[in-house]
Amino acid sequence: MQSPLARAVRTSAASSLLVAVTAPATHAQVTFSIDNHGPTIGAADAFFGFPITEGDILTPATGPPFVPNGPALGAPLPPALLISVGFGPPGPGLAHPAHAACAGHAPATPCPVEVDALSYGLEMPVPSTPTPPGTYWFSVDEYAVGFPGPIPPNTASEGALGPALEASADVFNDLGMPVPAPLPPFAVPPGNTAVIDGNGLPSGTGFVYPGVGIVEPDAPAIPPDVGDNLDAVDIDLMAVVFPIYYSLDGPFVDPLNGFPNQGSAAVLGLSGADVLTAVVPGAFPAVWAPAPALGLDIAGGPMSDDLDALALWENGTGAFEPAPAPYAWLGVAGPPTDMLLFSVRRGSAVIGMPDSMFGIPIEEGDILSTPVVGGVSPFPSIFIAAENLGLATVRTGTPGPFGPFGDDLDALDVPFPIFTDCNGNGVPDATDIASGTSADCNTNGIPDECDITAGTSADCNSNGIPDECDIAASTSSDCNGNGVPDECEPDCNSNGVPDDCDIAAGTSMDCNSNGIPDECDIAAGTSSDCNGNGVPDECETDCNSNGVPDDCDIAVGTSMDCNSNGIPDECDIAAGTSSDCNGNGMPDECETDCNSNGVPDDCDIASGTSTDCNGNGLPDECEQIGVNYCGPATLNSSGLPAVISAAGVAVPGTSLVLQANQLPANQFGYFLTSRNQGLFMPPASQGFICLGANIGRYNGMVQNSGASGSFCVTIGTASMPTNPPQPVLVGQAWNFQCWFRDQNPGVTSNFTDAITVQY
């Protein structure tokens, strides 16, 4: 028995659930299991990549609208492991010893670990009053046919005789019980509607609702099946996990398809009709409610029945305290008991036996409860007969085409209210729609007025009908098929045709693809047309992205076009059509290039391709004067003959640039000059002086050749360093040569060739 503290904690949890349902947005965690037959068996789960088995408790691998993991449209496949039937992952789980050998087995191959009923003991205690739609959530198998109901999708539209064949993966709920249970057959109009899908994709009936990540459709067939069967489900407003209440599979053969059940209870010496519990992770299965206490395993003896759906409100004592009569769980005649609602699997021996409440034959689609004390039989009592849920039965002559079998309700939950009342009238939306209080022209399960208020649907003409329904009914036309009635679309040229339809038909152009005819853009000033060609400027070529067409930029001088190719210079440069080595925004082909090498002069100088000893911005080679003689000079230690050049203008009084190249690196030297030519080799030197008498020396302008092996100087011509100094005069010829240090191989000196400049 639980301690008073534990009972208080559990009761507090229930109170929290009751508070939660009053919140504006209610979320739930959905957990479930699947049977042995479908393709998700053996698939790698979404959280751990571990093979899924029929005993694992799963959860959708999604987030909102259910939190933390609940159904979603287009739910990713497969689902995720939440609790292992064995020791994980995630561990340690339900501790079934057969799990390790079963992990990874193929669908429809024997493996005795199947969990086919599930609860955390926190279901809503059913009140003794009429209940609203969505009180009972349940699933069926692939053989279910259902009753045609007022709110599709339902077991009929999604079942074995409908076009979808998806019922086995779906969860349905009731349409409300206007009179309190217990309810015999047809006590209320039959019906149900689907609320959770298998994969969250549109079914064969066209309906789409949130899914849990399992495979559908699943047509009736001998296993293995092409789709999955959701075999147990629990929907709670809190992520409560332990204690877990569950049932394992019975050992008998399914009489409809001849396929044996898995016998996951029998291998542990337990009955498939027992309600088991795991108080903590890793606890070995313990019997919480034995089958005979539920009125099971009586008609056919031990292990003859299989409990395959479970909804439980555990009263907090930790011990099973069955309800002797309906609503004893509310404390109407003493301390509250447990509320235990369940169903039994097709083939159970108790099917066809008289129930203890009404004395009518029990069906596999009934929601049952514990036997009524003093009832008409020792068997379970019918709480909600299958017909009230919209399920077919044998007892009322409405079985499906698969033999004498009714629809099998194989998963059950009674969650605290999880419904929406978007219009705030106190009536669940599904009831508003079913009763006609609210229209739902787009059959999305949301009253039209809420679709419009929430913006889910537009109502551009304010007629209270979602636009998509106006269009579907041809009350409004929709020439472009965009879901907006034509009367609500822009028509800037007032021709009675929406602008985008004008554009689509070619009646108007829309070069900027803004949905507005070009003529309207220009007329409204939304677009300019600087060249008056009827094309909005933003559609013209605008290579510099300044919002002005290129031809207008050039015409007004905003951009230059030095090469007259119709493209602004900055675009030629940006595109690499023109280079701009100095970054001054002018294409190189428009710059001064005195040596015609395709490179602007200042770039030649900056890169060292050309020298500019006098710093006048012109490469020295463009100013060269004079005639070289006495060459080639004697090879120096660089392996080359040194060369002299002169640059400038041959006008007395102007400066002259002298340059020596091909010198040995890092050697000193200076220039010589004379009006006379000569030829002699000075002692302790190599090479020849090519100057004659009265040689002037520029020894005050000693230079070092550096790493480049060259240097230059700028000299004046007003006073040449001869003895005595003299100016350069018109008609004179002056000769120049460079003398430099060398080591070839010993320390010595050497000379360039010589040059004559005629003034």
# chains A, B, ... in the order shown; residues from 1 in each chain; ligands from 1

call {"tool": "residues_around", "arguments": {"residues": "Asp174 (chain A)", "least_positions_apart": "3", "cutoff": "8 Å", "atoms": "only C-alpha atoms", "output": "list in words"}}
result
Pro133, Gly134, Thr135, Tyr136, Trp137, Met177, Gly191, Asn192, Thr193 and Leu389 of chain A

call {"tool": "select_by_dssp", "arguments": {"residues": "region 585-638 of chain A", "states": "alpha helix (DSSP H)", "output": "list in words"}}
result
Asp601, Asp602, Cys603, Asp604, Ile605, Ala606 and Ser607 of chain A

call {"tool": "atom_distance", "arguments": {"atom1": "CA of Phe751 (chain A)", "atom2": "CA of Val643 (chain A)"}}
result
8.6 Å

call {"tool": "residues_around", "arguments": {"residues": "Pro415 (chain A)", "least_positions_apart": "3", "cutoff": "6 Å", "atoms": "only C-alpha atoms", "output": "number ranges by chain"}}
result
A: 123-124, 235

call {"tool": "write_last_selection", "arguments": {"atoms": "C-alpha atoms", "output": "PDB file, in the first residue's frame"}}
result
ATOM      1  CA  GLU A 123      -7.020   8.716 -16.655  1.00  0.00           C
ATOM      2  CA  MET A 124      -9.978  10.985 -15.971  1.00  0.00           C
ATOM      3  CA  ILE A 235      -2.621  10.475 -23.682  1.00  0.00           C
TER       4      ILE A 235
END

call {"tool": "residues_around", "arguments": {"residues": "region 77-85 of chain A", "least_positions_apart": "5", "cutoff": "6 Å", "atoms": "only C-alpha atoms", "output": "PyMOL selection string"}}
result
chain A and resi 45-47+55-61+90+93-94+96+213-214

call {"tool": "write_last_selection", "arguments": {"atoms": "all heavy atoms", "output": "CSV table (one decimal), in the first residue's frame"}}
result
chain,number,residue,atom,x,y,z
A,45,ASP,N,14.5,3.1,-34.1
A,45,ASP,CA,13.7,4.1,-33.5
A,45,ASP,C,14.4,5.5,-33.7
A,45,ASP,O,15.7,5.5,-33.9
A,45,ASP,CB,13.4,3.9,-32.0
A,45,ASP,CG,14.5,4.5,-31.1
A,45,ASP,OD1,15.6,3.9,-31.0
A,45,ASP,OD2,14.2,5.5,-30.5
A,46,ALA,N,13.7,6.6,-33.5
A,46,ALA,CA,14.2,7.9,-33.9
A,46,ALA,C,15.2,8.5,-32.8
A,46,ALA,O,15.9,9.4,-33.2
A,46,ALA,CB,13.0,8.9,-34.1
A,47,PHE,N,15.1,8.0,-31.6
A,47,PHE,CA,16.0,8.6,-30.6
A,47,PHE,C,17.3,7.8,-30.4
A,47,PHE,O,18.3,8.5,-30.3
A,47,PHE,CB,15.3,8.5,-29.2
A,47,PHE,CG,14.2,9.6,-29.0
A,47,PHE,CD1,13.4,9.6,-27.9
A,47,PHE,CD2,13.9,10.5,-30.0
A,47,PHE,CE1,12.4,10.5,-27.7
A,47,PHE,CE2,12.9,11.5,-29.8
A,47,PHE,CZ,12.2,11.5,-28.7
A,55,GLY,N,6.7,-4.7,-27.9
A,55,GLY,CA,6.6,-4.5,-26.4
A,55,GLY,C,7.0,-3.1,-26.0
A,55,GLY,O,6.8,-2.7,-24.8
A,56,ASP,N,7.7,-2.4,-26.9
A,56,ASP,CA,8.2,-1.1,-26.5
A,56,ASP,C,7.1,-0.1,-26.4
A,56,ASP,O,6.2,-0.1,-27.2
A,56,ASP,CB,9.3,-0.6,-27.5
A,56,ASP,CG,10.5,-1.5,-27.5
A,56,ASP,OD1,10.9,-2.0,-26.4
A,56,ASP,OD2,11.0,-1.8,-28.6
A,57,ILE,N,7.2,0.9,-25.4
A,57,ILE,CA,6.3,2.0,-25.4
A,57,ILE,C,7.0,3.2,-26.2
A,57,ILE,O,8.1,3.6,-25.9
A,57,ILE,CB,6.1,2.4,-23.9
A,57,ILE,CG1,5.4,1.3,-23.2
A,57,ILE,CG2,5.2,3.7,-23.8
A,57,ILE,CD1,5.2,1.5,-21.7
A,58,LEU,N,6.3,3.6,-27.1
A,58,LEU,CA,6.8,4.6,-28.1
A,58,LEU,C,6.2,5.9,-27.9
A,58,LEU,O,5.1,6.1,-27.3
A,58,LEU,CB,6.5,4.1,-29.5
A,58,LEU,CG,6.9,2.6,-29.9
A,58,LEU,CD1,6.4,2.2,-31.2
A,58,LEU,CD2,8.5,2.5,-29.8
A,59,THR,N,6.8,6.9,-28.5
A,59,THR,CA,6.3,8.3,-28.6
A,59,THR,C,6.6,8.9,-29.9
A,59,THR,O,7.6,8.5,-30.5
A,59,THR,CB,6.8,9.1,-27.4
A,59,THR,OG1,6.1,10.4,-27.3
A,59,THR,CG2,8.3,9.4,-27.6
A,60,PRO,N,5.8,9.8,-30.5
A,60,PRO,CA,6.1,10.4,-31.8
A,60,PRO,C,7.4,11.2,-31.6
A,60,PRO,O,7.7,11.8,-30.6
A,60,PRO,CB,4.9,11.3,-32.0
A,60,PRO,CG,3.8,10.8,-31.2
A,60,PRO,CD,4.4,10.2,-30.0
A,61,ALA,N,8.2,11.2,-32.7
A,61,ALA,CA,9.5,11.9,-32.7
A,61,ALA,C,9.2,13.3,-33.2
A,61,ALA,O,9.9,13.8,-34.1
A,61,ALA,CB,10.5,11.2,-33.6
A,90,PRO,N,15.7,3.0,-24.1
A,90,PRO,CA,16.3,3.5,-22.8
A,90,PRO,C,16.0,2.5,-21.7
A,90,PRO,O,15.0,1.9,-21.7
A,90,PRO,CB,15.6,4.8,-22.6
A,90,PRO,CG,14.2,4.6,-23.2
A,90,PRO,CD,14.4,3.7,-24.4
A,93,GLY,N,13.6,-0.1,-18.2
A,93,GLY,CA,12.3,-0.4,-18.8
A,93,GLY,C,11.5,-1.4,-18.0
A,93,GLY,O,11.5,-1.4,-16.8
A,94,LEU,N,10.7,-2.3,-18.8
A,94,LEU,CA,9.8,-3.2,-18.2
A,94,LEU,C,10.4,-4.5,-17.8
A,94,LEU,O,9.7,-5.4,-17.4
A,94,LEU,CB,8.6,-3.4,-19.1
A,94,LEU,CG,7.8,-2.1,-19.5
A,94,LEU,CD1,6.6,-2.4,-20.3
A,94,LEU,CD2,7.4,-1.3,-18.2
A,96,HIS,N,11.2,-7.3,-19.4
A,96,HIS,CA,10.8,-8.5,-19.9
A,96,HIS,C,12.0,-9.3,-20.4
A,96,HIS,O,12.8,-8.8,-21.2
A,96,HIS,CB,9.8,-8.3,-21.1
A,96,HIS,CG,9.0,-9.6,-21.4
A,96,HIS,ND1,9.6,-10.7,-21.9
A,96,HIS,CD2,7.7,-9.8,-21.3
A,96,HIS,CE1,8.7,-11.6,-22.1
A,96,HIS,NE2,7.5,-11.1,-21.8
A,213,GLY,N,3.8,8.8,-36.6
A,213,GLY,CA,5.0,8.3,-37.2
A,213,GLY,C,5.0,6.8,-37.4
A,213,GLY,O,6.1,6.2,-37.4
A,214,ILE,N,3.9,6.2,-37.7
A,214,ILE,CA,3.8,4.8,-38.1
A,214,ILE,C,3.3,4.6,-39.5
A,214,ILE,O,2.8,5.6,-40.0
A,214,ILE,CB,3.0,3.9,-37.1
A,214,ILE,CG1,1.6,4.4,-36.9
A,214,ILE,CG2,3.8,3.9,-35.7
A,214,ILE,CD1,0.8,3.6,-35.9

call {"tool": "closest_residue", "arguments": {"among": "A:Met353, A:Val548, A:Leu635, A:Leu618", "to": "Gln686 (chain A)", "atoms": "only C-alpha atoms"}}
result
A:Leu635

call {"tool": "atom_distance", "arguments": {"atom1": "CA of Ala349 (chain A)", "atom2": "CA of Phe379 (chain A)"}}
result
10.8 Å

call {"tool": "atom_distance", "arguments": {"atom1": "CA of Asp234 (chain A)", "atom2": "CA of Val171 (chain A)"}}
result
10.5 Å

call {"tool": "residues_around", "arguments": {"residues": "Phe186 (chain A)", "least_positions_apart": "5", "cutoff": "8 Å", "atoms": "only C-alpha atoms", "output": "PyMOL selection string"}}
result
chain A and resi 385+387-388

call {"tool": "closest_atom_pairs", "arguments": {"of": "region 121-170 of chain A", "to": "region 313-325 of chain A", "cutoff": "12 Å", "atoms": "only C-alpha atoms", "output": "tab-separated table"}}
result
residue	atom	partner	partner_atom	distance
A:Gly121	CA	A:Trp313	CA	4.8
A:Leu122	CA	A:Trp313	CA	5.2
A:Glu123	CA	A:Trp313	CA	5.0
A:Met124	CA	A:Trp313	CA	6.5
A:Pro125	CA	A:Trp313	CA	6.0
A:Val126	CA	A:Trp313	CA	9.1
A:Ser128	CA	A:Ala325	CA	11.7

call {"tool": "write_last_selection", "arguments": {"atoms": "N, CA, C and O atoms", "output": "compact mmCIF listing (two decimals), in the first residue's frame"}}
result
# COMPACT_ATOMS: atom_id res chain seq x y z
N GLY A 121 -2.29 5.14 -14.97
CA GLY A 121 -3.16 5.26 -13.81
C GLY A 121 -3.71 6.66 -13.59
O GLY A 121 -4.25 6.94 -12.53
N LEU A 122 -3.57 7.53 -14.58
CA LEU A 122 -3.96 8.93 -14.40
C LEU A 122 -5.08 9.34 -15.35
O LEU A 122 -5.24 10.52 -15.66
N GLU A 123 -5.90 8.36 -15.80
CA GLU A 123 -7.02 8.72 -16.65
C GLU A 123 -8.07 9.53 -15.86
O GLU A 123 -8.07 9.54 -14.64
N MET A 124 -8.93 10.18 -16.61
CA MET A 124 -9.98 10.98 -15.97
C MET A 124 -11.04 10.07 -15.38
O MET A 124 -11.58 9.20 -16.08
N PRO A 125 -11.36 10.20 -14.08
CA PRO A 125 -12.50 9.44 -13.54
C PRO A 125 -13.78 9.86 -14.26
O PRO A 125 -14.16 11.04 -14.23
N VAL A 126 -14.43 8.92 -14.92
CA VAL A 126 -15.62 9.27 -15.70
C VAL A 126 -16.71 9.75 -14.76
O VAL A 126 -17.03 9.08 -13.76
N SER A 128 -20.58 10.82 -13.40
CA SER A 128 -21.89 10.15 -13.49
C SER A 128 -22.90 11.03 -14.19
O SER A 128 -24.10 10.96 -13.92

call {"tool": "residues_around", "arguments": {"residues": "Ser638 (chain A)", "least_positions_apart": "2", "cutoff": "10 Å", "atoms": "only C-alpha atoms", "output": "list in words"}}
result
Leu635, Asn636, Leu640, Pro641, Ala642, Gln662, Leu663, Pro664, Ala665, Gly709, Asp742, Gln743 and Asn744 of chain A

call {"tool": "write_last_selection", "arguments": {"atoms": "N, CA and C atoms", "output": "PDB file, in the first residue's frame"}}
result
ATOM      1  N   LEU A 635      81.869  41.608 -68.560  1.00  0.00           N
ATOM      2  CA  LEU A 635      80.966  40.944 -67.620  1.00  0.00           C
ATOM      3  C   LEU A 635      81.401  41.217 -66.192  1.00  0.00           C
ATOM      4  N   ASN A 636      80.438  41.504 -65.314  1.00  0.00           N
ATOM      5  CA  ASN A 636      80.763  41.704 -63.904  1.00  0.00           C
ATOM      6  C   ASN A 636      80.374  40.461 -63.111  1.00  0.00           C
ATOM      7  N   LEU A 640      76.612  39.422 -65.950  1.00  0.00           N
ATOM      8  CA  LEU A 640      76.038  40.219 -67.029  1.00  0.00           C
ATOM      9  C   LEU A 640      76.904  41.447 -67.278  1.00  0.00           C
ATOM     10  N   PRO A 641      76.814  42.034 -68.469  1.00  0.00           N
ATOM     11  CA  PRO A 641      77.486  43.310 -68.704  1.00  0.00           C
ATOM     12  C   PRO A 641      76.617  44.446 -68.172  1.00  0.00           C
ATOM     13  N   ALA A 642      77.186  45.378 -67.436  1.00  0.00           N
ATOM     14  CA  ALA A 642      76.441  46.512 -66.929  1.00  0.00           C
ATOM     15  C   ALA A 642      76.076  47.447 -68.080  1.00  0.00           C
ATOM     16  N   GLN A 662      71.994  46.018 -64.381  1.00  0.00           N
ATOM     17  CA  GLN A 662      72.771  44.773 -64.475  1.00  0.00           C
ATOM     18  C   GLN A 662      74.086  44.878 -63.723  1.00  0.00           C
ATOM     19  N   LEU A 663      74.090  45.601 -62.588  1.00  0.00           N
ATOM     20  CA  LEU A 663      75.258  45.705 -61.722  1.00  0.00           C
ATOM     21  C   LEU A 663      75.266  44.530 -60.760  1.00  0.00           C
ATOM     22  N   PRO A 664      76.408  44.220 -60.152  1.00  0.00           N
ATOM     23  CA  PRO A 664      76.413  43.254 -59.059  1.00  0.00           C
ATOM     24  C   PRO A 664      75.620  43.842 -57.896  1.00  0.00           C
ATOM     25  N   ALA A 665      74.939  42.980 -57.143  1.00  0.00           N
ATOM     26  CA  ALA A 665      74.085  43.441 -56.056  1.00  0.00           C
ATOM     27  C   ALA A 665      74.905  44.049 -54.925  1.00  0.00           C
ATOM     28  N   GLY A 709      70.460  45.402 -58.175  1.00  0.00           N
ATOM     29  CA  GLY A 709      71.618  45.571 -59.063  1.00  0.00           C
ATOM     30  C   GLY A 709      71.466  46.757 -59.977  1.00  0.00           C
ATOM     31  N   ASP A 742      83.349  45.892 -57.849  1.00  0.00           N
ATOM     32  CA  ASP A 742      83.046  44.546 -58.348  1.00  0.00           C
ATOM     33  C   ASP A 742      83.954  43.563 -57.638  1.00  0.00           C
ATOM     34  N   GLN A 743      83.680  42.317 -57.704  1.00  0.00           N
ATOM     35  CA  GLN A 743      84.517  41.247 -57.146  1.00  0.00           C
ATOM     36  C   GLN A 743      84.437  40.096 -58.110  1.00  0.00           C
ATOM     37  N   ASN A 744      85.471  40.023 -58.966  1.00  0.00           N
ATOM     38  CA  ASN A 744      85.335  39.102 -60.089  1.00  0.00           C
ATOM     39  C   ASN A 744      86.679  38.500 -60.493  1.00  0.00           C
TER      40      ASN A 744
END

call {"tool": "decode", "arguments": {"residues": "region 522-533 of chain A", "atoms": "all heavy atoms", "output": "PDB file, in the first residue's frame"}}
result
ATOM      1  N   ILE A 522       4.369  52.388 -63.595  1.00  0.00           N
ATOM      2  CA  ILE A 522       4.878  53.668 -64.109  1.00  0.00           C
ATOM      3  C   ILE A 522       3.867  54.790 -63.859  1.00  0.00           C
ATOM      4  O   ILE A 522       4.218  55.886 -63.407  1.00  0.00           O
ATOM      5  CB  ILE A 522       5.212  53.539 -65.609  1.00  0.00           C
ATOM      6  CG1 ILE A 522       6.402  52.574 -65.791  1.00  0.00           C
ATOM      7  CG2 ILE A 522       5.532  54.901 -66.218  1.00  0.00           C
ATOM      8  CD1 ILE A 522       6.669  52.175 -67.238  1.00  0.00           C
ATOM      9  N   ALA A 523       2.576  54.498 -64.105  1.00  0.00           N
ATOM     10  CA  ALA A 523       1.546  55.531 -63.930  1.00  0.00           C
ATOM     11  C   ALA A 523       1.429  55.962 -62.471  1.00  0.00           C
ATOM     12  O   ALA A 523       1.193  57.140 -62.175  1.00  0.00           O
ATOM     13  CB  ALA A 523       0.201  55.012 -64.440  1.00  0.00           C
ATOM     14  N   ALA A 524       1.613  55.026 -61.550  1.00  0.00           N
ATOM     15  CA  ALA A 524       1.464  55.343 -60.126  1.00  0.00           C
ATOM     16  C   ALA A 524       2.731  55.915 -59.534  1.00  0.00           C
ATOM     17  O   ALA A 524       2.736  56.345 -58.383  1.00  0.00           O
ATOM     18  CB  ALA A 524       1.057  54.085 -59.360  1.00  0.00           C
ATOM     19  N   GLY A 525       3.810  55.924 -60.307  1.00  0.00           N
ATOM     20  CA  GLY A 525       5.078  56.406 -59.788  1.00  0.00           C
ATOM     21  C   GLY A 525       5.783  55.392 -58.916  1.00  0.00           C
ATOM     22  O   GLY A 525       6.822  55.689 -58.324  1.00  0.00           O
ATOM     23  N   THR A 526       5.231  54.194 -58.833  1.00  0.00           N
ATOM     24  CA  THR A 526       5.904  53.121 -58.101  1.00  0.00           C
ATOM     25  C   THR A 526       7.204  52.744 -58.802  1.00  0.00           C
ATOM     26  O   THR A 526       8.178  52.344 -58.165  1.00  0.00           O
ATOM     27  CB  THR A 526       4.997  51.883 -58.004  1.00  0.00           C
ATOM     28  OG1 THR A 526       3.697  52.288 -57.587  1.00  0.00           O
ATOM     29  CG2 THR A 526       5.552  50.870 -57.032  1.00  0.00           C
ATOM     30  N   SER A 527       7.197  52.878 -60.112  1.00  0.00           N
ATOM     31  CA  SER A 527       8.401  52.659 -60.919  1.00  0.00           C
ATOM     32  C   SER A 527       8.640  53.897 -61.774  1.00  0.00           C
ATOM     33  O   SER A 527       7.685  54.520 -62.258  1.00  0.00           O
ATOM     34  CB  SER A 527       8.249  51.433 -61.829  1.00  0.00           C
ATOM     35  OG  SER A 527       8.145  50.246 -61.081  1.00  0.00           O
ATOM     36  N   SER A 528       9.894  54.261 -61.970  1.00  0.00           N
ATOM     37  CA  SER A 528      10.238  55.354 -62.881  1.00  0.00           C
ATOM     38  C   SER A 528      10.614  54.773 -64.239  1.00  0.00           C
ATOM     39  O   SER A 528      10.855  53.575 -64.380  1.00  0.00           O
ATOM     40  CB  SER A 528      11.391  56.182 -62.304  1.00  0.00           C
ATOM     41  OG  SER A 528      12.513  55.356 -62.029  1.00  0.00           O
ATOM     42  N   ASP A 529      10.667  55.673 -65.245  1.00  0.00           N
ATOM     43  CA  ASP A 529      10.988  55.260 -66.620  1.00  0.00           C
ATOM     44  C   ASP A 529      11.815  56.381 -67.238  1.00  0.00           C
ATOM     45  O   ASP A 529      11.321  57.179 -68.035  1.00  0.00           O
ATOM     46  CB  ASP A 529       9.702  54.996 -67.400  1.00  0.00           C
ATOM     47  CG  ASP A 529       9.965  54.538 -68.828  1.00  0.00           C
ATOM     48  OD1 ASP A 529      11.093  54.071 -69.095  1.00  0.00           O
ATOM     49  OD2 ASP A 529       9.038  54.645 -69.661  1.00  0.00           O
ATOM     50  N   CYS A 530      13.104  56.447 -66.849  1.00  0.00           N
ATOM     51  CA  CYS A 530      13.940  57.600 -67.186  1.00  0.00           C
ATOM     52  C   CYS A 530      14.129  57.773 -68.692  1.00  0.00           C
ATOM     53  O   CYS A 530      14.299  58.884 -69.176  1.00  0.00           O
ATOM     54  CB  CYS A 530      15.295  57.501 -66.482  1.00  0.00           C
ATOM     55  SG  CYS A 530      16.348  56.136 -67.045  1.00  0.00           S
ATOM     56  N   ASN A 531      14.102  56.682 -69.452  1.00  0.00           N
ATOM     57  CA  ASN A 531      14.323  56.808 -70.891  1.00  0.00           C
ATOM     58  C   ASN A 531      13.022  56.742 -71.687  1.00  0.00           C
ATOM     59  O   ASN A 531      13.046  56.720 -72.925  1.00  0.00           O
ATOM     60  CB  ASN A 531      15.316  55.747 -71.385  1.00  0.00           C
ATOM     61  CG  ASN A 531      14.908  54.342 -70.963  1.00  0.00           C
ATOM     62  OD1 ASN A 531      13.750  54.111 -70.606  1.00  0.00           O
ATOM     63  ND2 ASN A 531      15.847  53.418 -70.988  1.00  0.00           N
ATOM     64  N   GLY A 532      11.876  56.685 -70.986  1.00  0.00           N
ATOM     65  CA  GLY A 532      10.583  56.739 -71.646  1.00  0.00           C
ATOM     66  C   GLY A 532      10.297  55.603 -72.595  1.00  0.00           C
ATOM     67  O   GLY A 532       9.522  55.768 -73.537  1.00  0.00           O
ATOM     68  N   ASN A 533      10.864  54.423 -72.324  1.00  0.00           N
ATOM     69  CA  ASN A 533      10.643  53.293 -73.243  1.00  0.00           C
ATOM     70  C   ASN A 533       9.543  52.353 -72.773  1.00  0.00           C
ATOM     71  O   ASN A 533       9.360  51.274 -73.346  1.00  0.00           O
ATOM     72  CB  ASN A 533      11.942  52.515 -73.474  1.00  0.00           C
ATOM     73  CG  ASN A 533      12.445  51.830 -72.209  1.00  0.00           C
ATOM     74  OD1 ASN A 533      11.908  52.031 -71.124  1.00  0.00           O
ATOM     75  ND2 ASN A 533      13.514  51.043 -72.359  1.00  0.00           N
TER      76      ASN A 533
END
